[in-house]
Amino acid sequence: MSFDLHRLLADHVGRNAALHTEHVNPRFARVLRTIGYDRCYVRAQGPHIFDDSGHRYLDMLGGYAVCNFGRNHPTIKKALADCIALDLPSMVQFETPLLSGILAEELKRRVGRGLDYVFFTNSGTEGVEAAIKFAKCATGRPALVHATKSFHGLTSGSVSINGCDSFRNGFAPFLPECRMVAFNDFAALEREIARGDVAAFVIEPIQGKGVNIHAPGYLAAAARLCRKHGTLFVADEVQTGLGRTGSFLAIDQEGDAAGVIEPDMVILSKALSGGFVPVGAVLVRGDVWKKVFSSLDRAIVHSSTFHQGTLAMTAGLAALAAYDETDAAANAVRMGAMIRDGVEAMMPRFEMLKAVRQRGLMIGIEFGAPKSLMLRAAWSATHAMDANLFAQAVVIPLMEDHRIICQVAGHNLDVVKLIPPLVIDESDVRWFLCAFEDVMVKLHRATVPVSLLARLGRNAIFGGRKIVAEAGAP
Ligand SMILES: Cc1ncc(COP(=O)(O)O)c(C=O)c1O
């Protein structure tokens, strides 16, 4: 009998958690159940996801900033369907595929800055691995510099320049000569770069973990410093790229009086997939590229089997078309400002609301210790239970009471992070702000630790999926 996807899905409906508990990742399935995220999603459109009971959810996570143009964007869907219908040859390998050539040309046009060649990857971390290899090869130097709290992926090279112990523990030894400088500390960066052995400074223009934004001028000065000392400046725009922060690249907003930032490499991925097919791209300065691919013998010295697959290249090109059609960057600026203003307006009423860090639709909402005695006890008790718990006390009711999907911004951080599709509109922003206000009202009660424990306990027994969330969600 031929394969029938409709039938397969119908036959297994609702088995998601059971299958994952048995065969994939029982620990993660349990975490999701405990925090009430054990839903069975069956359909998605734009920034909304629907479960098997027909409930609509607002996606403020965007698949980890993958679905910038909304899920199942018609342009991207059609392009992929056309690609399959055309019976195109994919991965012939000994050829120069047309679609990757067009996508490279298109990316170069948008990024500019004299980056001459594009190396395609299948993920963000593969882009970082490529950049590390290219930098070492081109400079002949051994060291890499990265920032505290950095995140560049979880393969061996990328995790060697990860600034969070929670991701590193258990995986040593790492690549040698990976040195960490404090986030935003220019003097520390100067000291490291001046040692003269640094192949590359790999930096997220805005850090994903915690949504940390550099001081104005830091990135431009860092790029100049690197150029002066022969260190390559690598902009990891895996998360910030394709409109997330309100411009095609986040570094587009970071130039200074001396001019635009001119990186030696820019790494893209995530949203380039259109939310469908994993793809990434490393844009590389010509002289760096030529030192790596330095002879006919070395023409494919760095490569991978799938790196220019036809579906991936089509997804990339269609994602760029969707970027234009949705006016994604401009909408990110407008909606991001609405969310920031809305949350900031609540700050005088809610003493645990400490700061909003926002650029486009990359938003971190930070909480801090309250002044009043009663709330201070609740704050301390929640942190004493688990350093990760407070932000979950926001994320869990956003889901359970308002059907909003979002995430904590990292381990041991009192920060909730929002990276929704860039196509959210005013009604989505209102949905979020109303829900957030309700959660803040309840959070500013001395009974927070008790109600949080009650929720976690109830979910552990019954599962969040069983609890029909009706309140608040339109
Ligand atoms: C800045 C940055 N670089 C690299 C990566 C790794 O990308 P991937 O998960 O596709 O390997 C991520 C993923 O979140 C990221 O945010």
# chains A, B, ... in the order shown; residues from 1 in each chain; ligands from 1

call {"tool": "closest_atom_pairs", "arguments": {"of": "chain A", "to": "ligand 1", "cutoff": "7 Å", "atoms": "only C-alpha atoms and all ligand atoms", "output": "CSV"}}
result
residue,atom,partner,partner_atom_place_in_ligand_line,distance
A:Tyr64,CA,ligand 1,14 (O),6.5
A:Ser123,CA,ligand 1,10 (O),4.0
A:Gly124,CA,ligand 1,7 (O),3.3
A:Thr125,CA,ligand 1,11 (O),3.6
A:Glu126,CA,ligand 1,11 (O),6.4
A:Val128,CA,ligand 1,4 (C),6.7
A:Phe151,CA,ligand 1,2 (C),5.6
A:His152,CA,ligand 1,3 (N),3.6
A:Gly153,CA,ligand 1,6 (C),3.5
A:Leu154,CA,ligand 1,11 (O),6.6
A:Glu204,CA,ligand 1,1 (C),5.5
A:Gln207,CA,ligand 1,1 (C),6.9
A:Gly208,CA,ligand 1,16 (O),5.6
A:Asp236,CA,ligand 1,1 (C),5.5
A:Glu237,CA,ligand 1,1 (C),6.0
A:Val238,CA,ligand 1,2 (C),4.8
A:Gln239,CA,ligand 1,16 (O),4.6
A:Ser269,CA,ligand 1,10 (O),6.5
A:Lys270,CA,ligand 1,10 (O),6.0

call {"tool": "write_last_selection", "arguments": {"atoms": "all heavy atoms", "output": "compact mmCIF listing (two decimals), in the first residue's frame"}}
result
# COMPACT_ATOMS: atom_id res chain seq x y z
N TYR A 64 11.76 29.23 17.72
CA TYR A 64 13.12 29.76 18.01
C TYR A 64 13.55 30.72 16.91
O TYR A 64 14.66 30.61 16.37
CB TYR A 64 14.17 28.65 18.12
CG TYR A 64 14.08 27.71 19.30
CD1 TYR A 64 14.58 26.41 19.19
CD2 TYR A 64 13.53 28.10 20.50
CE1 TYR A 64 14.53 25.53 20.27
CE2 TYR A 64 13.46 27.23 21.57
CZ TYR A 64 13.95 25.95 21.45
OH TYR A 64 13.90 25.08 22.49
N SER A 123 22.23 24.27 8.90
CA SER A 123 21.79 24.75 10.22
C SER A 123 22.67 25.92 10.63
O SER A 123 23.69 26.20 9.98
CB SER A 123 21.93 23.63 11.26
OG SER A 123 23.30 23.32 11.44
N GLY A 124 22.28 26.54 11.75
CA GLY A 124 23.06 27.65 12.27
C GLY A 124 24.42 27.19 12.78
O GLY A 124 25.45 27.80 12.48
N THR A 125 24.40 26.12 13.53
CA THR A 125 25.66 25.68 14.14
C THR A 125 26.65 25.25 13.08
O THR A 125 27.86 25.44 13.22
CB THR A 125 25.41 24.58 15.19
OG1 THR A 125 26.55 24.47 16.03
CG2 THR A 125 25.12 23.22 14.56
N GLU A 126 26.17 24.70 11.97
CA GLU A 126 27.09 24.34 10.88
C GLU A 126 27.72 25.58 10.27
O GLU A 126 28.86 25.54 9.80
CB GLU A 126 26.34 23.60 9.78
CG GLU A 126 26.31 22.11 9.93
CD GLU A 126 25.66 21.48 8.72
OE1 GLU A 126 26.13 21.68 7.60
OE2 GLU A 126 24.64 20.81 8.93
N VAL A 128 28.42 28.25 11.99
CA VAL A 128 29.45 28.67 12.96
C VAL A 128 30.68 27.78 12.82
O VAL A 128 31.83 28.27 12.82
CB VAL A 128 28.86 28.61 14.40
CG1 VAL A 128 29.94 28.88 15.43
CG2 VAL A 128 27.72 29.61 14.54
N PHE A 151 25.72 32.34 22.68
CA PHE A 151 25.16 31.07 22.20
C PHE A 151 25.35 31.03 20.69
O PHE A 151 24.85 31.88 19.96
CB PHE A 151 23.66 30.94 22.53
CG PHE A 151 23.12 29.58 22.18
CD1 PHE A 151 23.09 28.56 23.11
CD2 PHE A 151 22.67 29.32 20.88
CE1 PHE A 151 22.62 27.29 22.77
CE2 PHE A 151 22.21 28.05 20.54
CZ PHE A 151 22.17 27.04 21.48
N HIS A 152 26.08 30.00 20.23
CA HIS A 152 26.33 29.87 18.80
C HIS A 152 26.00 28.48 18.28
O HIS A 152 26.45 28.10 17.20
CB HIS A 152 27.80 30.21 18.48
CG HIS A 152 28.19 31.60 18.89
ND1 HIS A 152 27.79 32.72 18.19
CD2 HIS A 152 28.93 32.06 19.94
CE1 HIS A 152 28.27 33.81 18.78
NE2 HIS A 152 28.96 33.44 19.85
N GLY A 153 25.24 27.72 19.07
CA GLY A 153 24.90 26.36 18.64
C GLY A 153 25.55 25.33 19.55
O GLY A 153 26.31 25.68 20.46
N LEU A 154 25.26 24.07 19.28
CA LEU A 154 25.63 23.05 20.27
C LEU A 154 26.48 21.92 19.70
O LEU A 154 26.67 20.91 20.36
CB LEU A 154 24.36 22.49 20.92
CG LEU A 154 23.58 23.52 21.77
CD1 LEU A 154 22.30 22.93 22.32
CD2 LEU A 154 24.45 24.09 22.89
N GLU A 204 27.28 37.58 18.59
CA GLU A 204 25.88 37.82 18.24
C GLU A 204 25.63 39.32 18.39
O GLU A 204 25.88 39.87 19.47
CB GLU A 204 24.94 37.11 19.23
CG GLU A 204 25.05 35.61 19.30
CD GLU A 204 24.54 35.10 20.66
OE1 GLU A 204 23.33 34.89 20.80
OE2 GLU A 204 25.38 34.93 21.57
N GLN A 207 22.45 39.32 21.95
CA GLN A 207 22.52 37.96 22.47
C GLN A 207 21.13 37.35 22.62
O GLN A 207 20.21 37.96 23.17
CB GLN A 207 23.21 37.93 23.82
CG GLN A 207 24.72 38.11 23.70
CD GLN A 207 25.44 37.83 25.00
OE1 GLN A 207 24.90 38.05 26.08
NE2 GLN A 207 26.67 37.35 24.89
N GLY A 208 21.02 36.11 22.15
CA GLY A 208 19.75 35.40 22.28
C GLY A 208 19.44 35.05 23.73
O GLY A 208 18.29 35.17 24.17
N ASP A 236 27.41 36.63 13.96
CA ASP A 236 26.48 35.50 13.99
C ASP A 236 25.07 36.07 14.01
O ASP A 236 24.54 36.43 15.06
CB ASP A 236 26.76 34.63 15.24
CG ASP A 236 25.80 33.44 15.31
OD1 ASP A 236 24.83 33.41 14.54
OD2 ASP A 236 26.01 32.57 16.17
N GLU A 237 24.49 36.13 12.81
CA GLU A 237 23.14 36.70 12.67
C GLU A 237 22.11 35.57 12.47
O GLU A 237 21.06 35.78 11.86
CB GLU A 237 23.10 37.68 11.48
CG GLU A 237 23.99 38.90 11.66
CD GLU A 237 23.18 40.18 11.96
OE1 GLU A 237 21.97 40.08 12.21
OE2 GLU A 237 23.80 41.26 11.95
N VAL A 238 22.45 34.40 13.01
CA VAL A 238 21.55 33.26 12.86
C VAL A 238 20.16 33.59 13.41
O VAL A 238 19.14 33.28 12.80
CB VAL A 238 22.15 32.02 13.56
CG1 VAL A 238 21.12 30.90 13.71
CG2 VAL A 238 23.36 31.51 12.78
N GLN A 239 20.12 34.23 14.57
CA GLN A 239 18.83 34.57 15.19
C GLN A 239 18.36 35.97 14.83
O GLN A 239 17.17 36.22 14.68
CB GLN A 239 18.95 34.44 16.72
CG GLN A 239 17.64 34.65 17.42
CD GLN A 239 17.61 34.11 18.85
OE1 GLN A 239 16.80 34.56 19.64
NE2 GLN A 239 18.45 33.15 19.19
N SER A 269 20.82 31.73 9.18
CA SER A 269 20.13 30.42 9.11
C SER A 269 18.68 30.66 9.54
O SER A 269 18.06 31.61 9.08
CB SER A 269 20.83 29.39 9.99
OG SER A 269 20.28 28.11 9.76
N LYS A 270 18.15 29.85 10.41
CA LYS A 270 16.81 29.97 10.98
C LYS A 270 15.76 30.45 9.96
O LYS A 270 15.20 29.64 9.23
CB LYS A 270 16.83 30.88 12.20
CG LYS A 270 17.53 30.22 13.42
CD LYS A 270 17.25 31.00 14.66
CE LYS A 270 18.01 30.51 15.89
NZ LYS A 270 17.38 29.42 16.58

call {"tool": "residues_around", "arguments": {"residues": "region 226-232 of chain A", "least_positions_apart": "2", "cutoff": "12 Å", "atoms": "only C-alpha atoms", "output": "count of residues only"}}
result
49

call {"tool": "atom_distance", "arguments": {"atom1": "CA of Met385 (chain A)", "atom2": "CA of Arg168 (chain A)"}}
result
23.4 Å

call {"tool": "atom_distance", "arguments": {"atom1": "CA of Ala409 (chain A)", "atom2": "CA of Gly364 (chain A)"}}
result
7.3 Å

call {"tool": "select_by_dssp", "arguments": {"residues": "region 112-280 of chain A", "states": "alpha helix (DSSP H)", "output": "PyMOL selection string"}}
result
chain A and resi 124-139+156-160+165-168+186-194+218-229

call {"tool": "atom_distance", "arguments": {"atom1": "CA of Ser156 (chain A)", "atom2": "CA of Gly127 (chain A)"}}
result
12.7 Å

call {"tool": "residues_around", "arguments": {"residues": "Ala271 (chain A)", "least_positions_apart": "6", "cutoff": "12 Å", "atoms": "only C-alpha atoms", "output": "compact mmCIF listing (two decimals) with N, CA and C atoms, in the first residue's frame"}}
result
# COMPACT_ATOMS: atom_id res chain seq x y z
N GLY A 62 7.97 31.62 17.79
CA GLY A 62 8.34 31.57 16.37
C GLY A 62 9.28 30.43 16.03
N GLY A 63 9.13 29.30 16.71
CA GLY A 63 10.01 28.15 16.40
C GLY A 63 11.47 28.48 16.66
N TYR A 64 11.76 29.23 17.72
CA TYR A 64 13.12 29.76 18.01
C TYR A 64 13.55 30.72 16.91
N ALA A 65 12.66 31.63 16.53
CA ALA A 65 12.99 32.67 15.53
C ALA A 65 13.21 32.08 14.14
N VAL A 66 12.50 31.01 13.84
CA VAL A 66 12.60 30.41 12.52
C VAL A 66 11.48 30.92 11.60
N CYS A 67 10.29 31.13 12.20
CA CYS A 67 9.11 31.43 11.38
C CYS A 67 8.89 32.94 11.26
N ASN A 68 9.88 33.66 10.77
CA ASN A 68 9.76 35.12 10.72
C ASN A 68 8.57 35.60 9.89
N PHE A 69 8.21 34.84 8.87
CA PHE A 69 7.16 35.31 7.96
C PHE A 69 5.84 34.60 8.22
N GLY A 70 5.74 33.98 9.38
CA GLY A 70 4.53 33.25 9.74
C GLY A 70 4.61 31.82 9.23
N ARG A 71 3.93 30.94 9.93
CA ARG A 71 3.95 29.54 9.49
C ARG A 71 3.10 29.38 8.22
N ILE A 76 5.86 30.70 0.18
CA ILE A 76 6.88 29.66 0.43
C ILE A 76 6.29 28.28 0.14
N SER A 123 22.23 24.27 8.90
CA SER A 123 21.79 24.75 10.22
C SER A 123 22.67 25.92 10.63
N GLY A 124 22.28 26.54 11.75
CA GLY A 124 23.06 27.65 12.27
C GLY A 124 24.42 27.19 12.78
N GLU A 237 24.49 36.13 12.81
CA GLU A 237 23.14 36.70 12.67
C GLU A 237 22.11 35.57 12.47
N VAL A 238 22.45 34.40 13.01
CA VAL A 238 21.55 33.26 12.86
C VAL A 238 20.16 33.59 13.41
N GLN A 239 20.12 34.23 14.57
CA GLN A 239 18.83 34.57 15.19
C GLN A 239 18.36 35.97 14.83
N THR A 240 19.32 36.89 14.68
CA THR A 240 18.95 38.29 14.49
C THR A 240 18.68 38.65 13.03
N GLY A 241 19.08 37.78 12.10
CA GLY A 241 18.99 38.08 10.68
C GLY A 241 17.58 38.04 10.13
N LEU A 242 17.43 38.47 8.90
CA LEU A 242 16.17 38.46 8.15
C LEU A 242 15.04 39.20 8.85
N GLY A 243 15.35 40.40 9.31
CA GLY A 243 14.32 41.33 9.77
C GLY A 243 13.98 41.28 11.24
N ARG A 244 14.51 40.31 11.95
CA ARG A 244 14.11 40.12 13.36
C ARG A 244 14.20 41.40 14.18
N PHE A 248 17.42 44.08 7.76
CA PHE A 248 17.75 42.74 7.27
C PHE A 248 18.74 42.06 8.20
N LEU A 249 19.83 42.76 8.52
CA LEU A 249 20.77 42.28 9.55
C LEU A 249 20.67 43.20 10.75
N VAL A 277 12.44 24.22 5.46
CA VAL A 277 13.58 23.36 5.13
C VAL A 277 14.85 23.94 5.76
N PRO A 278 15.53 23.18 6.61
CA PRO A 278 16.74 23.71 7.25
C PRO A 278 17.74 24.22 6.21
N VAL A 279 18.23 25.40 6.44
CA VAL A 279 19.23 25.98 5.54
C VAL A 279 19.98 27.08 6.27
N GLY A 280 21.22 27.26 5.90
CA GLY A 280 22.00 28.35 6.47
C GLY A 280 22.96 28.85 5.41
N ALA A 281 23.57 30.01 5.68
CA ALA A 281 24.50 30.57 4.71
C ALA A 281 25.57 31.35 5.47
N ALA A 312 15.95 23.22 -0.09
CA ALA A 312 16.49 24.22 0.84
C ALA A 312 16.74 25.54 0.13
N ALA A 315 13.46 27.15 -0.55
CA ALA A 315 12.94 27.75 0.69
C ALA A 315 13.63 29.08 0.97
N GLY A 316 14.94 29.12 0.77
CA GLY A 316 15.70 30.35 1.02
C GLY A 316 15.23 31.48 0.12
N LEU A 317 15.11 31.17 -1.18
CA LEU A 317 14.68 32.22 -2.12
C LEU A 317 13.25 32.67 -1.83
N ALA A 318 12.38 31.71 -1.52
CA ALA A 318 10.98 32.07 -1.23
C ALA A 318 10.88 32.83 0.10
N ALA A 319 11.74 32.48 1.05
CA ALA A 319 11.74 33.21 2.33
C ALA A 319 12.12 34.68 2.10
N LEU A 320 13.08 34.91 1.21
CA LEU A 320 13.46 36.30 0.91
C LEU A 320 12.31 37.04 0.23
N ALA A 322 9.15 36.35 0.72
CA ALA A 322 8.17 36.58 1.79
C ALA A 322 8.61 37.74 2.69
N TYR A 323 9.91 37.85 2.89
CA TYR A 323 10.45 38.98 3.67
C TYR A 323 9.98 40.31 3.05
N ALA A 328 8.48 42.64 6.50
CA ALA A 328 8.73 42.04 7.81
C ALA A 328 9.51 42.96 8.75
N ILE A 419 10.10 36.18 20.72
CA ILE A 419 10.63 36.25 19.35
C ILE A 419 9.55 35.71 18.40
N PRO A 420 8.43 36.43 18.32
CA PRO A 420 7.31 35.93 17.51
C PRO A 420 7.59 36.06 16.02
N PRO A 421 6.75 35.43 15.20
CA PRO A 421 6.81 35.72 13.76
C PRO A 421 6.68 37.23 13.55
N LEU A 422 7.34 37.74 12.52
CA LEU A 422 7.36 39.19 12.32
C LEU A 422 6.06 39.70 11.70

call {"tool": "select_by_dssp", "arguments": {"residues": "region 281-428 of chain A", "states": "strand (DSSP E or B)", "output": "number ranges by chain"}}
result
A: 281-285, 353-359, 362-367, 404-405, 407-408, 415-418

call {"tool": "decode", "arguments": {"residues": "region 254-372 of chain A", "atoms": "C-alpha atoms", "output": "compact mmCIF listing (two decimals), in the first residue's frame"}}
result
# COMPACT_ATOMS: atom_id res chain seq x y z
CA GLU A 254 25.11 49.34 14.43
CA GLY A 255 27.32 51.50 12.27
CA ASP A 256 28.81 54.70 13.68
CA ALA A 257 30.21 57.99 12.42
CA ALA A 258 33.10 56.06 10.86
CA GLY A 259 30.75 54.06 8.64
CA VAL A 260 28.90 50.75 8.44
CA ILE A 261 30.17 47.63 10.15
CA GLU A 262 32.19 45.55 7.72
CA PRO A 263 32.33 41.98 9.01
CA ASP A 264 34.59 39.35 7.47
CA MET A 265 31.81 36.79 7.70
CA VAL A 266 28.07 36.89 8.34
CA ILE A 267 26.24 33.73 9.39
CA LEU A 268 22.53 33.31 8.60
CA SER A 269 20.13 30.42 9.11
CA LYS A 270 16.81 29.97 10.98
CA ALA A 271 14.36 32.27 9.10
CA LEU A 272 16.09 31.62 5.78
CA SER A 273 14.37 28.23 5.95
CA GLY A 274 10.98 29.90 5.57
CA GLY A 275 10.01 27.68 8.49
CA PHE A 276 10.18 24.60 6.25
CA VAL A 277 13.58 23.36 5.13
CA PRO A 278 16.74 23.71 7.25
CA VAL A 279 19.23 25.98 5.54
CA GLY A 280 22.00 28.35 6.47
CA ALA A 281 24.50 30.57 4.71
CA VAL A 282 27.90 32.00 5.57
CA LEU A 283 28.78 35.09 3.59
CA VAL A 284 32.57 35.35 3.38
CA ARG A 285 35.01 38.04 2.30
CA GLY A 286 36.82 37.03 -0.89
CA ASP A 287 40.37 37.03 0.48
CA VAL A 288 39.33 34.83 3.42
CA TRP A 289 37.51 32.42 1.10
CA LYS A 290 40.49 32.22 -1.27
CA LYS A 291 42.81 31.17 1.53
CA VAL A 292 40.52 28.27 2.41
CA PHE A 293 39.62 27.09 -1.09
CA SER A 294 43.14 27.90 -2.21
CA SER A 295 43.65 25.55 -5.14
CA LEU A 296 41.75 23.24 -7.46
CA ASP A 297 42.75 20.43 -5.12
CA ARG A 298 40.99 22.21 -2.27
CA ALA A 299 37.89 23.24 -4.24
CA ILE A 300 35.62 21.31 -1.88
CA VAL A 301 37.90 21.13 1.17
CA HIS A 302 34.94 22.17 3.32
CA SER A 303 31.56 20.87 2.25
CA SER A 304 28.62 18.69 3.22
CA THR A 305 26.33 16.32 1.36
CA PHE A 306 23.12 18.31 1.70
CA HIS A 307 24.42 21.86 1.62
CA GLN A 308 22.84 23.06 -1.62
CA GLY A 309 19.72 20.90 -1.75
CA THR A 310 17.06 22.08 -4.15
CA LEU A 311 14.26 22.31 -1.59
CA ALA A 312 16.49 24.22 0.84
CA MET A 313 17.58 26.69 -1.83
CA THR A 314 13.97 27.16 -2.92
CA ALA A 315 12.94 27.75 0.69
CA GLY A 316 15.70 30.35 1.02
CA LEU A 317 14.68 32.22 -2.12
CA ALA A 318 10.98 32.07 -1.23
CA ALA A 319 11.74 33.21 2.33
CA LEU A 320 13.46 36.30 0.91
CA ALA A 321 10.40 36.95 -1.28
CA ALA A 322 8.17 36.58 1.79
CA TYR A 323 10.45 38.98 3.67
CA ASP A 324 9.66 41.63 1.04
CA GLU A 325 5.97 40.79 0.70
CA THR A 326 5.26 40.96 4.42
CA ASP A 327 7.35 44.11 4.94
CA ALA A 328 8.73 42.04 7.81
CA ALA A 329 11.41 44.40 9.12
CA ALA A 330 9.13 47.45 9.23
CA ASN A 331 6.36 45.46 10.93
CA ALA A 332 8.90 44.20 13.49
CA VAL A 333 9.76 47.81 14.32
CA ARG A 334 6.09 48.80 14.74
CA MET A 335 4.89 45.76 16.69
CA GLY A 336 8.05 45.60 18.79
CA ALA A 337 7.58 49.22 19.85
CA MET A 338 3.92 48.54 20.75
CA ILE A 339 4.88 45.63 22.97
CA ARG A 340 7.72 47.56 24.59
CA ASP A 341 5.52 50.61 25.25
CA GLY A 342 2.72 48.41 26.61
CA VAL A 343 4.98 46.55 29.02
CA GLU A 344 6.79 49.72 30.07
CA ALA A 345 3.46 51.36 30.84
CA MET A 346 2.77 48.55 33.32
CA MET A 347 6.05 48.99 35.16
CA PRO A 348 4.86 51.57 37.72
CA ARG A 349 2.10 49.14 38.80
CA PHE A 350 4.17 45.95 39.01
CA GLU A 351 7.27 46.23 41.12
CA MET A 352 8.80 42.96 39.95
CA LEU A 353 8.85 44.21 36.36
CA LYS A 354 12.40 45.53 36.04
CA ALA A 355 13.30 46.19 32.39
CA VAL A 356 12.30 45.65 28.79
CA ARG A 357 15.11 45.09 26.29
CA GLN A 358 13.79 45.36 22.78
CA ARG A 359 14.99 45.70 19.22
CA GLY A 360 12.30 45.01 16.63
CA LEU A 361 10.63 41.76 17.63
CA MET A 362 13.49 40.47 19.76
CA ILE A 363 12.30 41.28 23.26
CA GLY A 364 13.48 40.38 26.75
CA ILE A 365 11.30 41.22 29.74
CA GLU A 366 13.35 41.15 32.91
CA PHE A 367 12.03 40.73 36.45
CA GLY A 368 13.77 41.82 39.62
CA ALA A 369 13.47 41.57 43.38
CA PRO A 370 10.52 43.60 44.71
CA LYS A 371 10.77 46.20 47.46
CA SER A 372 7.73 45.33 49.52
